[in-house]
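Engineer: Here you go, this is my_file-v3.txt (compact mmCIF, C-alpha atoms).
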# COMPACT_ATOMS: atom_id res chain seq x y z
CA PRO A 1 -6.46 18.18 -26.29
CA THR A 2 -5.01 17.63 -22.83
CA VAL A 3 -5.08 14.03 -21.63
CA HIS A 4 -3.62 13.29 -18.20
CA PHE A 5 -2.22 9.90 -17.23
CA PHE A 6 -3.12 9.41 -14.51
CA ALA A 7 -5.84 11.23 -12.59
CA PRO A 8 -4.75 12.71 -9.23
CA GLN A 9 -6.22 11.11 -6.13
CA TYR A 10 -8.37 14.10 -5.23
CA TRP A 11 -11.04 11.66 -4.02
CA GLY A 12 -8.71 10.91 -1.11
CA TRP A 13 -6.97 14.18 -0.27
CA ALA A 14 -8.17 17.79 -0.54
CA PRO A 15 -11.02 17.24 -3.03
CA TRP A 16 -11.58 20.98 -3.50
CA ARG A 17 -8.62 21.01 -5.90
CA VAL A 18 -10.61 19.12 -8.51
CA SER A 19 -12.38 22.24 -9.82
CA GLY A 20 -9.13 23.65 -11.17
CA TYR A 21 -8.20 20.25 -12.54
CA ALA A 22 -11.48 20.05 -14.46
CA LYS A 23 -10.56 23.26 -16.26
CA ALA A 24 -7.03 22.10 -17.05
CA VAL A 25 -7.66 18.72 -18.70
CA ASP A 26 -9.99 17.38 -21.35
CA THR A 27 -9.76 13.77 -20.21
CA ALA A 28 -8.23 12.10 -17.17
CA LEU A 29 -7.14 8.47 -17.43
CA THR A 30 -8.04 6.65 -14.23
CA ILE A 31 -6.22 3.69 -12.65
CA LEU A 32 -8.51 2.58 -9.79
CA PRO A 33 -11.97 1.11 -10.48
CA PHE A 34 -13.95 3.49 -8.27
CA GLU A 35 -12.39 6.66 -9.71
CA PRO A 36 -14.58 7.16 -12.83
CA ALA A 37 -17.79 7.39 -10.77
CA TRP A 38 -16.21 9.87 -8.35
CA PHE A 39 -14.81 12.12 -11.07
CA ALA A 40 -18.11 11.99 -13.00
CA LYS A 41 -19.73 13.89 -10.12
CA THR A 42 -17.13 16.66 -10.40
CA GLY A 43 -17.37 17.38 -14.12
CA VAL A 44 -14.09 15.69 -15.05
CA ASN A 45 -14.27 13.51 -18.16
CA THR A 46 -12.48 10.20 -17.59
CA GLU A 47 -11.46 7.03 -19.33
CA HIS A 48 -10.50 4.03 -17.23
CA VAL A 49 -7.28 2.24 -18.23
CA GLY A 50 -6.30 0.33 -15.08
CA HIS A 51 -3.24 0.38 -12.84
CA PRO A 52 0.19 0.59 -14.54
CA LEU A 53 1.88 -1.31 -11.71
CA LEU A 54 0.16 -4.45 -12.96
CA ASP A 55 2.19 -4.17 -16.17
CA ALA A 56 5.36 -4.45 -14.11
CA LEU A 57 3.97 -7.53 -12.36
CA THR A 58 3.06 -9.55 -15.44
CA GLU A 59 6.25 -11.61 -15.28
CA ILE A 60 5.95 -12.18 -11.51
CA PRO A 61 3.79 -15.16 -10.52
CA THR A 62 0.85 -14.48 -8.24
CA THR A 63 1.28 -16.43 -5.01
CA LYS A 64 -0.44 -17.15 -1.72
CA PRO A 65 1.28 -17.87 1.61
CA ASN A 66 2.28 -21.48 2.12
CA ASP A 67 0.84 -23.19 5.18
CA ASP A 68 4.34 -23.66 6.59
CA ALA A 69 5.54 -20.10 5.91
CA SER A 70 6.78 -18.33 9.05
CA ASP A 71 8.29 -15.00 7.92
CA LEU A 72 6.71 -11.73 9.00
CA VAL A 73 8.00 -9.11 6.56
CA LEU A 74 8.35 -5.46 7.59
CA LEU A 75 8.13 -2.76 4.93
CA PRO A 76 9.00 0.55 6.60
CA GLY A 77 9.09 2.70 3.46
CA SER A 78 11.67 3.76 0.89
CA ARG A 79 12.47 7.31 2.05
CA ALA A 80 14.88 8.10 4.86
CA SER A 81 12.43 10.22 6.85
CA VAL A 82 9.68 7.59 6.58
CA ILE A 83 12.03 4.81 7.67
CA ASP A 84 13.24 6.86 10.65
CA ARG A 85 9.69 7.66 11.72
CA ASN A 86 8.30 4.14 11.34
CA LEU A 87 10.87 1.38 11.63
CA PRO A 88 11.77 1.72 15.36
CA TRP A 89 8.07 1.77 16.26
CA MET A 90 7.35 -1.21 13.99
CA LEU A 91 10.20 -3.25 15.46
CA ASP A 92 8.80 -2.73 18.95
CA ARG A 93 5.36 -3.92 17.82
CA VAL A 94 6.59 -7.21 16.37
CA ALA A 95 8.63 -8.11 19.47
CA PRO A 96 5.81 -10.25 20.99
CA LEU A 97 5.60 -12.34 17.82
CA VAL A 98 9.37 -12.82 17.78
CA LYS A 99 9.10 -14.24 21.30
CA GLU A 100 6.52 -16.70 19.94
CA GLY A 101 8.91 -17.86 17.22
CA ALA A 102 8.08 -15.68 14.22
CA ARG A 103 11.00 -14.82 11.96
CA VAL A 104 11.02 -11.10 11.12
CA VAL A 105 12.61 -9.80 7.94
CA VAL A 106 12.88 -6.08 7.08
CA LEU A 107 12.62 -5.65 3.30
CA GLN A 108 14.03 -2.89 1.12
CA ASP A 109 13.83 -2.75 -2.66
CA ASN A 110 17.53 -1.83 -2.86
CA SER A 111 20.53 -1.18 -0.61
CA ARG A 112 20.27 2.62 -0.68
CA HIS A 113 19.16 2.85 2.96
CA GLY A 114 20.79 -0.38 4.10
CA ASP A 115 23.01 1.21 6.75
CA ARG A 116 20.10 3.23 8.10
CA VAL A 117 17.90 0.16 8.43
CA ARG A 118 20.67 -1.91 10.01
CA ASN A 119 21.30 0.81 12.60
CA HIS A 120 17.65 0.88 13.58
CA ILE A 121 17.68 -2.89 14.00
CA LEU A 122 20.87 -2.80 16.06
CA ASN A 123 19.39 -0.12 18.34
CA SER A 124 16.15 -2.03 18.89
CA LYS A 125 15.26 -4.65 21.47
CA LEU A 126 15.35 -7.19 18.62
CA SER A 127 19.01 -6.68 17.76
CA GLY A 128 20.39 -9.97 16.47
CA GLN A 129 16.89 -11.41 15.96
CA VAL A 130 15.81 -9.55 12.81
CA GLU A 131 17.20 -9.85 9.29
CA MET A 132 17.36 -7.19 6.58
CA LYS A 133 17.13 -8.15 2.92
CA THR A 134 17.58 -5.77 0.01
CA SER A 135 17.22 -7.85 -3.13
CA ASP A 136 14.48 -9.75 -4.97
CA LEU A 137 11.56 -8.20 -3.12
CA HIS A 138 8.96 -10.46 -4.70
CA ALA A 139 10.81 -13.67 -3.89
CA HIS A 140 10.76 -12.67 -0.21
CA LEU A 141 7.08 -11.69 -0.37
CA ALA A 142 6.22 -15.02 -2.01
CA ALA A 143 7.91 -16.87 0.87
CA ALA A 144 6.30 -14.80 3.66
CA ARG A 145 3.36 -15.57 5.92
CA SER A 146 2.22 -12.04 6.78
CA ALA A 147 3.30 -8.40 6.44
CA PHE A 148 3.53 -5.22 8.48
CA SER A 149 3.76 -2.22 6.18
CA VAL A 150 3.51 1.51 5.89
CA SER A 151 0.84 2.69 3.48
CA GLY A 152 1.93 3.18 -0.12
CA THR A 153 2.20 1.60 -3.55
CA VAL A 154 3.91 -1.43 -1.98
CA LEU A 155 0.47 -2.54 -0.78
CA LEU A 156 -0.28 -3.57 -4.36
CA ASP A 157 2.86 -5.74 -4.35
CA LEU A 158 1.59 -7.34 -1.15
CA LEU A 159 -1.82 -7.80 -2.76
CA HIS A 160 -0.13 -9.60 -5.67
CA HIS A 161 1.08 -12.19 -3.18
CA ARG A 162 -2.19 -12.25 -1.20
CA LEU A 163 -0.34 -11.50 2.03
CA PRO A 164 -2.43 -10.76 5.14
CA THR A 165 -1.13 -7.35 6.15
CA VAL A 166 -1.36 -4.77 8.93
CA VAL A 167 -0.94 -1.21 7.61
CA ILE A 168 0.08 1.96 9.41
CA TYR A 169 0.19 5.62 8.43
CA ARG A 170 2.19 7.35 11.14
CA LEU A 171 2.05 11.12 10.71
CA GLU A 172 4.54 13.55 12.13
CA SER A 173 3.16 15.05 15.34
CA GLY A 174 2.91 18.54 13.89
CA LEU A 175 0.69 17.31 11.05
CA ALA A 176 -1.90 15.49 13.17
CA TRP A 177 -4.48 18.24 12.70
CA LEU A 178 -4.35 17.82 8.89
CA ARG A 179 -5.69 14.29 8.65
CA PRO A 180 -9.37 14.85 9.51
CA ARG A 181 -9.40 18.02 7.42
CA LEU A 182 -7.93 16.49 4.27
CA LEU A 183 -8.79 12.80 4.23
CA ASN A 184 -11.96 12.29 2.23
CA THR A 185 -12.30 8.51 2.35
CA PRO A 186 -13.12 5.98 5.08
CA TYR A 187 -9.80 4.18 4.43
CA PHE A 188 -6.31 5.20 3.35
CA SER A 189 -4.89 1.86 2.20
CA SER A 190 -5.45 0.94 -1.44
CA THR A 191 -6.40 -2.63 -0.50
CA ASN A 192 -9.29 -1.49 1.66
CA LEU A 193 -10.39 1.08 -0.89
CA LEU A 194 -10.58 -1.66 -3.51
CA SER A 195 -12.48 -3.90 -1.09
CA GLY A 196 -14.86 -1.22 0.12
CA ARG A 197 -14.29 -2.43 3.68
CA GLU A 198 -11.50 -2.82 6.21
CA LEU A 199 -10.21 -6.09 4.82
CA ILE A 200 -6.75 -5.55 6.31
CA PRO A 201 -6.30 -3.68 9.60
CA GLU A 202 -5.14 -0.11 9.10
CA PHE A 203 -4.07 2.44 11.71
CA GLY A 204 -3.47 6.14 11.12
CA PHE A 205 -2.01 8.01 14.08
CA THR A 206 0.67 10.22 15.58
CA GLY A 207 2.90 9.68 18.59
CA SER A 208 2.94 6.31 20.32
CA GLY A 209 -0.30 5.26 18.66
CA PRO A 210 -2.65 2.35 19.46
CA ILE A 211 0.07 -0.05 20.60
CA ALA A 212 -2.15 -2.81 21.98
CA ALA A 213 -4.52 -2.74 18.99
CA VAL A 214 -1.69 -2.96 16.46
CA GLU A 215 0.03 -5.81 18.31
CA SER A 216 -3.27 -7.66 18.51
CA ALA A 217 -3.89 -7.16 14.78
CA LEU A 218 -0.40 -8.44 13.98
CA HIS A 219 -0.97 -11.55 16.07
CA ILE A 220 -4.27 -12.25 14.32
CA ALA A 221 -2.82 -11.64 10.84
CA HIS A 222 0.09 -13.97 11.55
CA CYS A 223 -1.55 -16.69 13.65
CA ASP A 224 -5.35 -16.81 13.33
CA GLU A 225 -6.01 -19.40 10.60
CA ASP A 226 -9.72 -18.60 10.20
CA TRP A 227 -9.05 -14.88 9.88
CA ARG A 228 -6.19 -15.47 7.47
CA ARG A 229 -8.33 -17.69 5.24
CA ASP A 230 -11.09 -15.04 5.04
CA CYS A 231 -8.52 -12.30 4.46
CA ILE A 232 -6.83 -14.16 1.59
CA ALA A 233 -10.22 -14.77 -0.04
CA GLY A 234 -10.91 -11.03 0.25
CA LEU A 235 -7.51 -10.23 -1.26
CA ASP A 236 -8.40 -12.42 -4.24
CA GLU A 237 -11.54 -10.34 -4.76
CA ALA A 238 -9.67 -7.03 -4.34
CA ALA A 239 -7.15 -8.14 -6.97
CA ARG A 240 -9.99 -8.96 -9.38
CA CYS A 241 -11.44 -5.48 -8.80
CA LEU A 242 -8.09 -3.93 -9.68
CA GLY A 243 -8.38 -5.48 -13.11
CA PRO A 244 -5.99 -6.93 -15.68
CA ALA A 245 -2.58 -5.73 -16.83
CA GLY A 246 -2.20 -3.60 -19.97
CA ALA A 247 -2.85 -0.13 -18.51
CA THR A 248 0.04 1.58 -20.31
CA ARG A 249 -1.05 0.17 -23.69
CA ARG A 250 -4.63 1.24 -23.08
CA ALA A 251 -3.40 4.69 -22.04
CA ALA A 252 -1.33 5.00 -25.22
CA ARG A 253 -4.32 4.06 -27.36
CA ALA A 254 -6.47 6.63 -25.54
CA LEU A 255 -3.87 9.32 -26.21
CA LEU A 256 -3.77 8.44 -29.90
CA ARG A 257 -7.55 8.58 -30.20
CA HIS A 258 -7.68 12.02 -28.61
CA ALA A 259 -4.79 13.27 -30.73
CA GLN A 260 -6.56 12.18 -33.91
CA LYS A 261 -9.87 13.88 -33.10
CA PRO A 262 -10.61 16.89 -35.28
CA THR A 263 -10.11 20.19 -33.47
Kindly return the structure encoded in the file as structure tokens.
Structural biologist:
Amino acid sequence: PTVHFFAPQYWGWAPWRVSGYAKAVDTALTILPFEPAWFAKTGVNTEHVGHPLLDALTEIPTTKPNDDASDLVLLPGSRASVIDRNLPWMLDRVAPLVKEGARVVVLQDNSRHGDRVRNHILNSKLSGQVEMKTSDLHAHLAAARSAFSVSGTVLLDLLHHRLPTVVIYRLESGLAWLRPRLLNTPYFSSTNLLSGRELIPEFGFTGSGPIAAVESALHIAHCDEDWRRDCIAGLDEAARCLGPAGATRRAARALLRHAQKPT
């Protein structure tokens, strides 16, 4: 038997590929709560085990922003090309909040791209006003007030700390035509997919993008107490939908059951 951990996200991108996948696997182990229902319509047998990232977060306390927190954390990605495409644009968008007194911190999981990030900061209008930190990601998230992030797995780390977040997906200009042809969901951020609504503002674009709308969303996420309270309540619900830790153990047990079935 062929058991795949974990099911590809065909529900989001290029769903026509699922027909070949259905022929290749006997069972797909799913990690997001809405995936079993989607795959059931395509003929793929599934078993839901939950998200493996939660296993890595079991030793990290769940937090919520303190009332006196002031840090706006920027998460521009972990690959050089993504950082180059996003960080200068993101720094420009947070400039109005810096003028209002927000402290901006660019976070990286490690120091691999430290020089690259520092150069972008130095070449921005916020040179000398923005910090970069490359260690203890979760300690910095736990101390933050809000976040400005590219889309990716890091959104689940932000969810763990119930951080009101503005999300961007900035495509290269030459790929703009792909998005409406491939994207098969109303949202691209995992948080909104879990919520079934636009709980956190998300913006997918090319070029200069919706500058005013993003800056407005950042101001609301960082400053509007009523909006923040509703958002954090929604993040609590999204985290409950994601489910408990233990995905890797459940996946291992599923593999053993399938391996022991008579052929």
Engineer: Counting only C-alpha atoms, what is within 9 Å of Arg162 of chain A, bar same-chain residues fewer than 5 positions away, as number ranges by chain?
Structural biologist: A: 62-65, 142, 157, 231-236, 239
Engineer: What does the structure give for the distance between atom CA of Arg145 of chain A and atom CA of Leu72 of chain A, in Å to one decimal?
Structural biologist: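 Rounded to one decimal, the two atoms are 6.0 Å apart.
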Engineer: For the point (-4.5, 18.9, -23.0) in file coordinates, what residues are within 6 Å, counting only C-alpha atoms? Give the answer as an MDAnalysis selection string?
Structural biologist: chainID A and resid 1:3 25:26
Engineer: Find the residues near Pro88 of chain A: any atom within 12 Å, counting all atoms listed in the file, skip ones fewer than 2 places away on the same chain, and give them as a CSV table (one decimal) with C-alpha atoms, keeping the file's coordinate frame.
Structural biologist:
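Saved file part-v7.csv follows:
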chain,number,residue,atom,x,y,z
A,74,LEU,CA,8.4,-5.5,7.6
A,75,LEU,CA,8.1,-2.8,4.9
A,76,PRO,CA,9.0,0.6,6.6
A,82,VAL,CA,9.7,7.6,6.6
A,83,ILE,CA,12.0,4.8,7.7
A,84,ASP,CA,13.2,6.9,10.6
A,85,ARG,CA,9.7,7.7,11.7
A,86,ASN,CA,8.3,4.1,11.3
A,90,MET,CA,7.4,-1.2,14.0
A,91,LEU,CA,10.2,-3.2,15.5
A,92,ASP,CA,8.8,-2.7,19.0
A,93,ARG,CA,5.4,-3.9,17.8
A,94,VAL,CA,6.6,-7.2,16.4
A,95,ALA,CA,8.6,-8.1,19.5
A,106,VAL,CA,12.9,-6.1,7.1
A,116,ARG,CA,20.1,3.2,8.1
A,117,VAL,CA,17.9,0.2,8.4
A,118,ARG,CA,20.7,-1.9,10.0
A,119,ASN,CA,21.3,0.8,12.6
A,120,HIS,CA,17.6,0.9,13.6
A,121,ILE,CA,17.7,-2.9,14.0
A,122,LEU,CA,20.9,-2.8,16.1
A,123,ASN,CA,19.4,-0.1,18.3
A,124,SER,CA,16.2,-2.0,18.9
A,125,LYS,CA,15.3,-4.6,21.5
A,126,LEU,CA,15.4,-7.2,18.6
A,127,SER,CA,19.0,-6.7,17.8
A,170,ARG,CA,2.2,7.4,11.1
A,208,SER,CA,2.9,6.3,20.3
Engineer: Give me, please, the distance in Å between atom CA of Thr46 of chain A and atom CA of Thr27 of chain A, quoted to one decimal.
Structural biologist: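 One can read the atom CA of Thr46 of chain A to atom CA of Thr27 of chain A distance as 5.2 Å.
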Engineer: Quick one: distance from atom CA of Pro8 of chain A to atom CA of Glu35 of chain A in Å, one decimal?
Structural biologist: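 These two atoms are separated by 9.8 Å.
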